[in-house]
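For reference, work_27.tsv (TSV, C-alpha atoms):
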chain	number	residue	atom	x	y	z
P	10	MET	CA	136.36	90.95	87.53
P	11	SER	CA	134.93	87.44	88.08
P	12	LEU	CA	135.01	84.79	85.35
P	13	SER	CA	131.19	84.65	85.23
P	14	PHE	CA	130.86	88.39	84.75
P	15	PHE	CA	133.58	88.47	82.08
P	16	LEU	CA	132.05	85.63	80.06
P	17	ALA	CA	128.59	87.14	80.38
P	18	LYS	CA	129.84	90.43	78.90
P	19	ARG	CA	131.42	88.59	75.98
P	20	ILE	CA	128.25	86.60	75.28
P	21	TYR	CA	126.11	89.75	75.55
P	22	GLY	CA	128.39	91.60	73.16
P	23	GLU	CA	128.29	88.79	70.60
P	24	THR	CA	124.54	88.27	70.94
P	25	ASP	CA	123.93	92.00	70.70
P	26	GLY	CA	125.90	92.00	67.49
P	27	GLY	CA	123.73	89.20	66.33
P	28	LYS	CA	124.01	85.46	65.83
P	29	GLN	CA	121.33	84.12	63.54
P	30	VAL	CA	119.49	82.11	66.19
P	31	SER	CA	119.86	84.33	69.25
P	32	ARG	CA	119.26	87.70	67.64
P	33	PRO	CA	115.44	87.31	67.27
P	34	ALA	CA	115.21	85.81	70.76
P	35	VAL	CA	117.15	88.70	72.29
P	36	LEU	CA	115.08	91.22	70.37
P	37	ILE	CA	111.79	89.65	71.51
P	38	ALA	CA	113.01	89.58	75.12
P	39	LEU	CA	114.06	93.23	74.95
P	40	ILE	CA	110.73	94.27	73.45
P	41	GLY	CA	108.79	92.26	76.03
P	42	ILE	CA	110.63	93.86	78.95
P	43	ALA	CA	110.41	97.36	77.46
P	44	ILE	CA	106.69	97.14	76.71
P	45	GLY	CA	105.89	95.58	80.08
P	46	LEU	CA	107.79	98.21	82.06
P	47	ALA	CA	106.43	101.09	79.96
P	48	ILE	CA	102.86	99.92	80.53
P	49	MET	CA	103.50	99.58	84.26
P	50	ILE	CA	104.92	103.11	84.50
P	51	ILE	CA	102.07	104.60	82.44
P	52	THR	CA	99.42	102.71	84.41
P	53	VAL	CA	100.74	103.82	87.77
P	54	ALA	CA	101.19	107.42	86.58
P	55	VAL	CA	97.64	107.57	85.21
P	56	VAL	CA	96.09	106.11	88.37
P	57	ILE	CA	98.10	108.42	90.64
P	58	GLY	CA	97.11	111.38	88.48
P	59	PHE	CA	93.46	110.39	88.37
P	60	LYS	CA	93.22	109.88	92.12
P	61	ARG	CA	94.97	113.19	92.72
P	62	GLU	CA	92.64	115.11	90.38
P	63	VAL	CA	89.45	113.63	91.83
P	64	THR	CA	90.66	114.11	95.40
P	65	ASN	CA	91.61	117.73	94.67
P	66	LYS	CA	88.14	118.43	93.31
P	67	VAL	CA	86.36	116.84	96.26
P	68	THR	CA	88.56	118.67	98.78
P	69	GLY	CA	88.24	121.87	96.73
P	70	PHE	CA	84.52	121.92	97.48
P	71	GLY	CA	84.76	120.73	101.07
P	72	ALA	CA	88.39	120.99	102.28
P	73	ASP	CA	90.19	118.12	104.05
P	74	ILE	CA	88.32	118.26	107.36
P	75	GLN	CA	85.02	119.84	108.37
P	76	ILE	CA	83.57	120.76	111.74
P	77	THR	CA	79.77	120.88	111.63
P	78	ASN	CA	76.77	120.45	113.92
P	79	PHE	CA	76.17	116.81	114.82
P	80	ASP	CA	72.40	117.36	114.63
P	81	ALA	CA	72.75	118.31	110.94
P	82	LEU	CA	73.46	114.64	110.17
P	83	ARG	CA	69.92	113.73	111.20
P	84	SER	CA	68.15	116.51	109.34
P	85	PHE	CA	67.84	117.89	105.83
P	86	GLU	CA	68.03	121.40	107.30
P	87	THR	CA	71.38	123.02	108.06
P	88	ARG	CA	72.05	123.34	111.80
P	89	PRO	CA	74.52	126.01	112.98
P	90	ILE	CA	77.53	125.97	115.25
P	91	LEU	CA	79.16	128.97	116.88
P	92	VAL	CA	82.58	129.73	115.40
P	93	GLU	CA	84.36	132.50	117.26
P	94	ASP	CA	87.90	133.80	116.89
P	95	SER	CA	89.02	131.69	119.85
P	96	LEU	CA	88.07	128.45	118.07
P	97	ARG	CA	89.74	129.54	114.84
P	98	LYS	CA	92.94	130.37	116.72
P	99	VAL	CA	92.96	126.93	118.36
P	100	LEU	CA	92.61	125.27	114.96
P	101	THR	CA	95.19	127.39	113.13
P	102	ALA	CA	97.70	126.77	115.94
P	103	GLN	CA	97.90	123.09	114.95
P	104	ASP	CA	101.08	122.25	113.02
P	105	LEU	CA	99.19	120.05	110.55
P	106	VAL	CA	96.62	122.76	109.73
P	107	LYS	CA	97.31	125.06	106.78
P	108	HIS	CA	94.11	127.13	106.60
P	109	VAL	CA	90.76	127.52	108.38
P	110	GLN	CA	87.65	129.03	106.77
P	111	ARG	CA	83.96	129.40	107.64
P	112	TYR	CA	81.02	128.63	105.41
P	113	THR	CA	77.23	128.65	105.54
P	114	THR	CA	74.86	126.79	103.23
P	115	LYS	CA	71.23	127.41	102.37
P	116	PRO	CA	69.21	125.18	100.00
P	117	GLY	CA	66.90	126.91	97.57
P	118	ILE	CA	65.77	127.28	93.97
P	119	ILE	CA	67.17	129.53	91.27
P	120	LYS	CA	64.53	130.57	88.73
P	121	THR	CA	64.31	132.32	85.39
P	122	ASP	CA	61.26	133.13	83.28
P	123	ASP	CA	61.11	129.69	81.68
P	124	ALA	CA	63.18	127.34	83.87
P	125	PHE	CA	64.27	126.64	87.43
P	126	GLN	CA	67.00	124.65	89.17
P	127	GLY	CA	67.44	123.36	92.72
P	128	MET	CA	70.69	124.47	94.30
P	129	VAL	CA	72.61	125.07	97.51
P	130	LEU	CA	73.76	128.61	98.18
P	131	LYS	CA	77.17	128.48	99.84
P	132	GLY	CA	78.16	131.60	101.72
P	133	ILE	CA	81.87	132.25	102.16
P	134	GLY	CA	83.78	134.91	104.08
P	135	PRO	CA	86.79	137.10	103.31
P	136	GLU	CA	89.19	134.47	104.70
P	137	TYR	CA	87.96	131.82	102.25
P	138	ASP	CA	90.69	130.34	100.02
P	139	ARG	CA	89.39	131.05	96.50
P	140	SER	CA	92.29	129.42	94.61
P	141	PHE	CA	90.31	126.26	93.78
P	142	PHE	CA	87.41	128.12	92.19
P	143	GLU	CA	89.73	130.63	90.52
P	144	SER	CA	91.61	127.76	88.86
P	145	HIS	CA	88.30	126.52	87.38
P	146	LEU	CA	86.88	129.94	86.54
P	147	ILE	CA	85.65	130.29	82.95
P	148	GLU	CA	84.30	133.83	82.98
P	149	GLY	CA	84.22	136.79	85.33
P	150	GLU	CA	85.77	136.77	88.78
P	151	ILE	CA	85.35	135.43	92.30
P	152	PRO	CA	84.40	138.48	94.38
P	153	LEU	CA	86.03	139.10	97.75
P	154	PHE	CA	82.88	138.36	99.72
P	155	SER	CA	82.26	140.11	103.03
P	156	ASP	CA	80.90	138.76	106.31
P	157	THR	CA	79.34	142.09	107.34
P	158	ILE	CA	77.39	143.34	104.30
P	159	ALA	CA	75.30	141.71	101.57
P	160	SER	CA	76.89	141.79	98.13
P	161	ASN	CA	73.90	140.51	96.14
P	162	GLU	CA	76.49	138.81	93.90
P	163	VAL	CA	76.80	135.15	93.05
P	164	VAL	CA	79.14	132.76	91.26
P	165	ILE	CA	77.44	129.88	89.44
P	166	SER	CA	78.61	126.82	87.54
P	167	LYS	CA	78.57	126.48	83.78
P	168	PRO	CA	76.11	123.53	83.80
P	169	ILE	CA	73.57	125.60	85.75
P	170	ALA	CA	74.19	128.62	83.52
P	171	ASP	CA	73.63	126.47	80.42
P	172	LYS	CA	70.44	124.91	81.77
P	173	LEU	CA	68.94	128.27	82.69
P	174	ARG	CA	70.43	130.13	79.71
P	175	LEU	CA	72.27	132.57	81.90
P	176	LYS	CA	75.39	134.58	81.19
P	177	LEU	CA	77.82	136.80	83.02
P	178	GLY	CA	76.16	139.95	84.38
P	179	ASP	CA	72.61	138.55	84.31
P	180	ARG	CA	70.32	139.10	87.28
P	181	VAL	CA	68.70	135.98	88.73
P	182	PHE	CA	66.22	135.35	91.52
P	183	ALA	CA	66.86	132.78	94.24
P	184	TYR	CA	63.88	131.45	96.22
P	185	PHE	CA	64.17	130.07	99.76
P	186	ILE	CA	61.28	128.33	101.51
P	187	GLN	CA	60.92	128.57	105.29
P	188	ASP	CA	57.78	129.78	107.06
P	189	ASN	CA	57.22	131.81	103.93
P	190	VAL	CA	58.95	132.17	100.57
P	191	ARG	CA	61.88	134.56	100.52
P	192	VAL	CA	63.26	135.94	97.27
P	193	ARG	CA	66.78	137.23	96.79
P	194	PRO	CA	67.87	138.96	93.54
P	195	MET	CA	71.51	138.31	92.65
P	196	THR	CA	73.90	139.34	89.88
P	197	ILE	CA	76.15	136.74	88.25
P	198	LYS	CA	79.78	137.82	88.74
P	199	GLY	CA	81.52	134.61	87.74
P	200	ILE	CA	81.02	131.24	86.07
P	201	TYR	CA	83.09	128.18	87.02
P	202	GLN	CA	83.32	124.59	85.82
P	203	THR	CA	85.12	121.73	87.58
P	204	ASN	CA	83.51	118.89	85.52
P	205	PHE	CA	82.55	117.30	88.84
P	206	SER	CA	78.85	117.11	88.08
P	207	GLU	CA	77.70	116.18	91.59
P	208	TYR	CA	78.91	119.58	92.80
P	209	ASP	CA	78.72	121.69	89.64
P	210	ASN	CA	74.97	121.06	89.48
P	211	LEU	CA	74.53	122.06	93.12
P	212	PHE	CA	76.65	124.91	94.48
P	213	LEU	CA	76.38	128.68	94.02
P	214	LEU	CA	78.80	130.96	95.86
P	215	THR	CA	77.86	134.18	97.63
P	216	ASP	CA	78.82	136.10	100.79
P	217	ILE	CA	78.43	134.40	104.15
P	218	TYR	CA	76.48	137.39	105.51
P	219	THR	CA	73.62	136.78	103.07
P	220	ALA	CA	73.51	133.04	103.79
P	221	ASN	CA	73.44	133.64	107.54
P	222	ARG	CA	70.60	136.17	107.25
P	223	LEU	CA	68.58	133.73	105.13
P	224	ASN	CA	68.99	131.16	107.91
P	225	ASN	CA	68.03	133.71	110.63
P	226	TRP	CA	71.08	132.79	112.69
P	227	GLU	CA	72.77	134.61	115.54
P	228	PRO	CA	76.05	136.49	115.00
P	229	GLY	CA	78.97	134.06	114.83
P	230	GLN	CA	76.84	131.06	113.87
P	231	VAL	CA	77.75	129.26	110.62
P	232	SER	CA	77.12	125.89	109.01
P	233	GLY	CA	80.65	124.78	109.67
P	234	VAL	CA	84.39	125.21	109.41
P	235	GLU	CA	86.56	123.85	106.59
P	236	ILE	CA	90.14	122.94	107.44
P	237	GLN	CA	92.91	122.55	104.87
P	238	LEU	CA	95.94	120.49	105.84
P	239	ARG	CA	99.59	120.96	104.97
P	240	ASP	CA	99.93	117.27	104.11
P	241	TYR	CA	96.92	115.26	102.93
P	242	ASN	CA	98.72	112.02	103.77
P	243	LYS	CA	98.30	112.90	107.46
P	244	LEU	CA	94.51	113.17	107.16
P	245	GLU	CA	93.71	110.52	109.77
P	246	GLU	CA	96.23	111.85	112.26
P	247	ALA	CA	94.94	115.41	111.88
P	248	THR	CA	91.30	114.28	112.18
P	249	GLU	CA	91.99	112.49	115.45
P	250	LEU	CA	93.97	115.43	116.83
P	251	ILE	CA	91.24	117.98	116.04
P	252	ALA	CA	88.48	115.64	117.24
P	253	GLU	CA	90.19	115.33	120.63
P	254	GLN	CA	89.99	119.10	121.08
P	255	VAL	CA	86.62	119.89	119.51
P	256	ASP	CA	84.42	116.80	119.08
P	257	ASN	CA	81.20	116.68	121.15
P	258	ARG	CA	81.74	120.15	122.66
P	259	ILE	CA	78.54	122.20	123.07
P	260	ASP	CA	78.44	125.90	122.20
P	261	LYS	CA	76.32	128.46	124.07
P	262	TYR	CA	73.42	128.02	121.64
P	263	GLY	CA	73.38	124.23	122.07
P	264	GLY	CA	75.26	123.37	118.88
P	265	ASN	CA	77.15	120.07	119.11
P	266	TYR	CA	80.55	120.16	117.35
P	267	PHE	CA	81.28	117.17	115.13
P	268	VAL	CA	84.54	116.51	113.24
P	269	GLN	CA	84.64	114.60	109.94
P	270	ASN	CA	87.28	114.29	107.24
P	271	ILE	CA	86.53	114.34	103.53
P	272	GLU	CA	86.89	110.56	103.15
P	273	GLU	CA	84.30	109.95	105.86
P	274	MET	CA	81.90	112.41	104.22
P	275	ASN	CA	82.32	110.89	100.74
P	276	PRO	CA	82.95	107.16	101.34
P	277	GLN	CA	81.51	106.09	97.97
P	278	ILE	CA	83.98	108.25	96.02
P	279	PHE	CA	87.04	107.17	97.98
P	280	GLU	CA	86.02	103.50	97.98
P	281	TRP	CA	85.79	103.77	94.21
P	282	LEU	CA	89.26	105.33	94.07
P	283	SER	CA	90.67	102.57	96.30
P	284	LEU	CA	89.40	99.97	93.83
P	285	LEU	CA	91.74	101.44	91.25
P	286	ASP	CA	94.68	100.20	93.33
P	287	LEU	CA	93.51	96.61	92.81
P	288	ASN	CA	93.44	97.18	89.05
P	289	VAL	CA	96.99	98.51	89.18
P	290	ILE	CA	98.20	95.46	91.12
P	291	VAL	CA	96.64	93.11	88.56
P	292	ILE	CA	98.26	94.99	85.66
P	293	LEU	CA	101.67	95.03	87.39
P	294	ILE	CA	101.54	91.28	87.98
P	295	LEU	CA	100.49	90.57	84.39
P	296	MET	CA	103.15	92.82	82.86
P	297	THR	CA	105.85	91.40	85.14
P	298	GLY	CA	104.79	87.93	84.03
P	299	VAL	CA	104.97	88.92	80.36
P	300	ALA	CA	108.44	90.40	80.82
P	301	GLY	CA	109.61	87.36	82.79
P	302	PHE	CA	108.34	84.76	80.31
P	303	THR	CA	109.89	86.53	77.33
P	304	MET	CA	113.17	86.53	79.21
P	305	ILE	CA	112.81	82.82	80.00
P	306	SER	CA	112.31	81.97	76.33
P	307	GLY	CA	115.24	84.16	75.33
P	308	LEU	CA	117.51	82.63	77.97
P	309	LEU	CA	116.62	79.05	76.98
P	310	ILE	CA	117.45	79.81	73.35
P	311	ILE	CA	120.78	81.33	74.34
P	312	ILE	CA	121.62	78.30	76.53
P	313	ILE	CA	120.78	75.89	73.72
P	314	GLU	CA	122.82	77.95	71.28
P	315	ARG	CA	125.77	77.97	73.70
P	316	THR	CA	125.63	74.26	74.53
P	317	ASN	CA	129.02	73.72	72.94
P	318	MET	CA	130.57	76.49	75.02
P	319	ILE	CA	128.97	75.10	78.21
P	320	GLY	CA	130.51	71.67	77.49
P	321	ILE	CA	133.94	73.19	76.99
P	322	LEU	CA	133.70	75.18	80.23
P	323	LYS	CA	132.72	72.03	82.12
P	324	ALA	CA	135.61	70.12	80.54
P	325	LEU	CA	137.95	72.89	81.74
P	326	GLY	CA	136.69	72.49	85.30
P	327	ALA	CA	133.91	75.05	85.62
P	328	ASN	CA	131.08	73.87	87.85
P	329	ASN	CA	127.36	74.25	87.17
P	330	PHE	CA	126.98	77.18	89.60
P	331	THR	CA	129.68	79.22	87.85
P	332	ILE	CA	128.15	78.62	84.43
P	333	ARG	CA	124.67	79.42	85.70
P	334	LYS	CA	126.00	82.75	87.00
P	335	VAL	CA	127.33	83.47	83.51
P	336	PHE	CA	123.85	83.28	82.03
P	337	LEU	CA	122.21	85.05	84.93
P	338	TRP	CA	124.65	87.96	84.51
P	339	PHE	CA	123.86	87.90	80.81
P	340	SER	CA	120.16	88.13	81.71
P	341	VAL	CA	120.84	91.13	83.95
P	342	PHE	CA	122.50	92.95	81.04
P	343	LEU	CA	119.58	92.10	78.76
P	344	ILE	CA	116.94	93.08	81.33
P	345	GLY	CA	118.78	96.33	82.04
P	346	LYS	CA	118.75	97.32	78.38
P	347	GLY	CA	115.04	96.48	78.07
P	348	MET	CA	114.26	98.44	81.24
P	349	LEU	CA	116.19	101.42	79.90
P	350	TRP	CA	113.99	101.48	76.79
P	351	GLY	CA	110.87	100.84	78.87
P	352	ASN	CA	111.59	103.79	81.15
P	353	ALA	CA	112.31	106.02	78.16
P	354	VAL	CA	109.05	105.11	76.41
P	355	GLY	CA	106.92	105.27	79.56
P	356	LEU	CA	108.31	108.60	80.79
P	357	LEU	CA	108.16	110.11	77.30
P	358	PHE	CA	104.47	109.22	77.07
P	359	CYS	CA	103.85	110.73	80.50
P	360	PHE	CA	105.65	113.94	79.53
P	361	LEU	CA	103.77	114.33	76.24
P	362	GLN	CA	100.40	113.62	77.87
P	363	SER	CA	100.95	116.03	80.76
P	364	LYS	CA	102.24	118.73	78.41
P	365	PHE	CA	99.89	118.43	75.43
P	366	GLN	CA	96.88	116.39	76.73
P	367	VAL	CA	97.04	114.09	73.70
P	368	PHE	CA	94.39	111.67	75.00
P	369	ALA	CA	91.09	113.29	75.96
P	370	LEU	CA	88.33	111.96	78.24
P	371	ASP	CA	84.61	112.56	78.53
P	372	PRO	CA	84.24	114.86	81.58
P	373	SER	CA	80.68	113.69	82.20
P	374	ASN	CA	81.98	110.18	82.94
P	375	TYR	CA	85.51	110.74	84.24
P	376	TYR	CA	85.24	114.24	85.83
P	377	ILE	CA	88.32	115.41	83.90
P	378	GLU	CA	88.94	116.45	80.30
P	379	SER	CA	92.12	114.50	79.56
P	380	VAL	CA	94.08	111.52	80.88
P	381	PRO	CA	95.83	112.80	84.03
P	382	ILE	CA	99.46	112.03	84.81
P	383	GLY	CA	101.02	111.88	88.26
P	384	ILE	CA	104.77	111.17	88.37
P	385	ASN	CA	106.00	109.66	91.62
P	386	ILE	CA	109.75	109.04	91.42
P	387	PRO	CA	109.97	106.66	94.45
P	388	VAL	CA	107.14	104.54	93.01
P	389	ILE	CA	108.82	104.38	89.58
P	390	LEU	CA	112.11	103.34	91.19
P	391	LEU	CA	110.26	100.67	93.16
P	392	ILE	CA	108.65	99.35	89.95
P	393	ASN	CA	112.09	99.12	88.31
P	394	ILE	CA	113.63	97.33	91.26
P	395	ALA	CA	110.69	94.93	91.56
P	396	THR	CA	110.72	94.19	87.81
P	397	LEU	CA	114.46	93.47	87.84
P	398	GLY	CA	114.20	91.28	90.94
P	399	ALA	CA	111.14	89.34	89.74
P	400	SER	CA	112.63	88.75	86.28
P	401	ILE	CA	115.90	87.41	87.69
P	402	LEU	CA	114.07	85.14	90.16
P	403	MET	CA	111.99	83.73	87.31
P	404	LEU	CA	115.22	82.86	85.46
P	405	VAL	CA	116.78	80.90	88.31
P	406	GLY	CA	114.71	77.80	87.50
P	407	PRO	CA	115.46	77.66	83.74
P	408	SER	CA	119.17	78.15	84.45
P	409	PHE	CA	119.21	74.68	86.06
P	410	LEU	CA	119.03	73.31	82.50
P	411	ILE	CA	122.79	73.83	82.43
P	412	SER	CA	123.33	71.02	84.97
P	413	ARG	CA	121.81	68.51	82.50
P	414	ILE	CA	124.34	69.30	79.79
P	415	HIS	CA	127.23	66.78	79.70
P	416	PRO	CA	130.65	67.77	78.35
P	417	ALA	CA	131.14	64.69	76.12
P	418	SER	CA	127.88	65.08	74.21
P	419	SER	CA	127.73	68.88	74.28
P	420	MET	CA	131.04	69.42	72.51
P	421	ARG	CA	129.64	67.50	69.49
P	422	TYR	CA	126.47	69.66	69.56
P	423	GLU	CA	125.80	71.96	66.64
Render the structure in this file as structure tokens.
Amino acid sequence: MSLSFFLAKRIYGETDGGKQVSRPAVLIALIGIAIGLAIMIITVAVVIGFKREVTNKVTGFGADIQITNFDALRSFETRPILVEDSLRKVLTAQDLVKHVQRYTTKPGIIKTDDAFQGMVLKGIGPEYDRSFFESHLIEGEIPLFSDTIASNEVVISKPIADKLRLKLGDRVFAYFIQDNVRVRPMTIKGIYQTNFSEYDNLFLLTDIYTANRLNNWEPGQVSGVEIQLRDYNKLEEATELIAEQVDNRIDKYGGNYFVQNIEEMNPQIFEWLSLLDLNVIVILILMTGVAGFTMISGLLIIIIERTNMIGILKALGANNFTIRKVFLWFSVFLIGKGMLWGNAVGLLFCFLQSKFQVFALDPSNYYIESVPIGINIPVILLINIATLGASILMLVGPSFLISRIHPASSMRYE
């Protein structure tokens, strides 16, 4: 055990027990570090959770990657592409691809006796992954829709049901305008709510067979293909890989395949989410500064209080570097204790919020009902390491005060 480490432990033990001058300074430093680290952990956890929840809802409606008709980008009308088993096999054979599903959309109007609502009818097939809508289902069920027969069943969102005063089991009429007006009666089999108003106010689910017939398309033609990935972090890589195989190919009906990922289709949402990272960086810098400055003040008070000891050590032959290491080791002990409390408070808050949803949010503004929490252990470890390193670096400068203390005058210091 080095002399610096030994002396630092003795000083820490005495200060922790409490000298009259140093005890408040140590307490303030501990509180500053604990509060700063707790806020950093909570901030990062909330932002990670919020980004995850919003991303999950956007991808729940549109998957990670979509293959559509390029001409549909230049028109308000849906343009079809031919999706045969051969194409689906090529896509599912990719290692990064988890699931492939077809869909067809048809814009229209849903009407009751005293109200109406614009909507998009989304037809899905038997292979469609219903887990997202089932997790947000309020009433009823998500039928196992067919791609060969019409079900005349529909799943609507709670906002649409509330606006039109509809309930489970009601029969509604959907109107579709082409060369003439076509009417389709449908029975409500389920009601969902994701709190993502842009989509909740728009989409109704039915079978893909009905949607295709309303569009007068040939067998095998659909609006597009939704692709779910095994790892969302490889979105760009998967998009490029699929685009190399499919992009700009022409099917036998003249449909031009076009590959887009969810971030390209919703740039405004993901740009907004990326801005949250800047807010996190600002908060981390501010909280690290708060923790560092409280430690600086605490260390200066301890040095002043130990001026007599510093003079004695210098008289016994200790150099400035050795004595500075004593106080830097002492700071490490103090920072470590503060970080321990900060981690405990921050993680306890995250646990309580994720378990009991203590703090609620307005879904109309934030898309979710309570403050979300996303725990990322590597990120939390990185925050701890960065906080410890930054705090110690900030203390190197103040520790040079020791070199200005002279043995002759310091030993008379009280």
| Between P:Val380, P:Ile147, P:Ala183, P:Ile236, which has the minimum distance to Ile57 (chain P) (counting only C-alpha atoms)? | P:Val380
| request: Please measure the separation of CA of Glu227 (chain P) and CA of Val92 (chain P), giving the value in Å to one decimal. | output: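 Going from CA of Glu227 (chain P) over to CA of Val92 (chain P) covers 11.0 Å.
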| field | For CA of Ser206 (chain P) and CA of Glu150 (chain P), the interatomic separation in Å (one decimal) | value |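 Here the two named atoms are 20.9 Å from each other.
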| message | I'd like the neighbourhood of Leu146 (chain P) as a list in words, where a residue qualifies if any of its atoms comes within 7 Å (using all atoms listed in the file), though same-chain residues fewer than 4 positions away should be ignored. | response |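 Surrounding residues, per the criterion: Phe142, Ile200, Tyr201 and Gln202 of chain P.
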Those residues you just picked out, can you put them in a file as a short mmCIF file (atom, residue, chain, number, x, y, z; two decimals), keeping the file's coordinate frame with C-alpha atoms?
data_model
loop_
_atom_site.label_atom_id
_atom_site.label_comp_id
_atom_site.auth_asym_id
_atom_site.auth_seq_id
_atom_site.Cartn_x
_atom_site.Cartn_y
_atom_site.Cartn_z
CA PHE P 142 87.41 128.12 92.19
CA ILE P 200 81.02 131.24 86.07
CA TYR P 201 83.09 128.18 87.02
CA GLN P 202 83.32 124.59 85.82
#
Using only C-alpha atoms, which protein or nucleic acid residues come within 6 Å of region 306-315 of chain P? Drop anything in the same chain fewer than 2 positions from it, and give the result as a PDB file with C-alpha atoms, keeping the file's coordinate frame.
ATOM      1  CA  SER P  31     119.860  84.330  69.250  1.00  0.00           C
ATOM      2  CA  ALA P  34     115.210  85.810  70.760  1.00  0.00           C
ATOM      3  CA  VAL P  35     117.150  88.700  72.290  1.00  0.00           C
ATOM      4  CA  ALA P  38     113.010  89.580  75.120  1.00  0.00           C
ATOM      5  CA  THR P 303     109.890  86.530  77.330  1.00  0.00           C
ATOM      6  CA  MET P 304     113.170  86.530  79.210  1.00  0.00           C
ATOM      7  CA  ASN P 317     129.020  73.720  72.940  1.00  0.00           C
ATOM      8  CA  MET P 318     130.570  76.490  75.020  1.00  0.00           C
TER       9      MET P 318
END
| said: Please list as an NGL selection string every residue within 12 Å of Glu378 (chain P), counting all atoms listed in the file and excluding residues in the same chain fewer than 3 positions away. | reply: :P and (59 or 62-63 or 202-205 or 366-375 or 381)
Skipping near chain neighbours, those fewer than 6 positions away, what residues fall within 12 Å of Val289 (chain P) using all atoms listed in the file, listed as a compact mmCIF listing (two decimals) with C-alpha atoms, keeping the file's coordinate frame?
# COMPACT_ATOMS: atom_id res chain seq x y z
CA ILE P 48 102.86 99.92 80.53
CA MET P 49 103.50 99.58 84.26
CA ILE P 50 104.92 103.11 84.50
CA ILE P 51 102.07 104.60 82.44
CA THR P 52 99.42 102.71 84.41
CA VAL P 53 100.74 103.82 87.77
CA ALA P 54 101.19 107.42 86.58
CA VAL P 55 97.64 107.57 85.21
CA VAL P 56 96.09 106.11 88.37
CA ILE P 57 98.10 108.42 90.64
CA LEU P 282 89.26 105.33 94.07
CA SER P 283 90.67 102.57 96.30
CA LEU P 295 100.49 90.57 84.39
CA MET P 296 103.15 92.82 82.86
CA ILE P 392 108.65 99.35 89.95
| field | Two-atom distance - CA of Leu390 (chain P), CA of Arg32 (chain P) (Å) | value |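 So the answer is 29.2 Å.
Closest to Thr87 (chain P) among P:Ser144, P:Ser232, P:Ser13, P:Asn161 is P:Ser232, based on all atoms listed in the file.
If you measure from each of P:Leu214, P:Glu273, P:Val99, P:Phe409 to Thr331 (chain P) using only C-alpha atoms, the closest one turns out to be P:Phe409.
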| Of the candidates P:Tyr376, P:Phe342, P:Phe212, P:Trp226, which one gets nearest to Gly117 (chain P) if we count all atoms listed in the file? | P:Phe212
| message | So that I can see what lies close to Glu148 (chain P), please list as a list in words the residues with an atom at most 10 Å from it, counting all atoms listed in the file and leaving out residues fewer than 3 positions away in the same chain. | response |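 After dropping sequence-adjacent residues, the list is Glu143, His145, Ile151, Val164, Lys167, Lys176, Leu177, Lys198, Gly199, Ile200, Tyr201 and Gln202 of chain P.
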Around all of region 244-260 of chain P's listed atoms, make the axis-aligned box with 5 Å on each side and tell me centre and edge lengths in Å to one decimal, as JSON.
{"center_x": 87.3, "center_y": 118.2, "center_z": 115.1, "size_x": 27.8, "size_y": 25.4, "size_z": 25.9}
| request: Find the residue from P:Asp122, P:Glu246, P:Asp256, P:Asp209 that sits nearest to Asn78 (chain P); use only C-alpha atoms when measuring. | output: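 The shortest atom-to-atom distance to Asn78 (chain P) comes from P:Asp256.
Minimum atom-to-atom distance to Ser95 (chain P), evaluated using all atoms listed in the file, belongs to P:Gly229 out of P:Gly298, P:Gly229, P:Pro407, P:Gly383.
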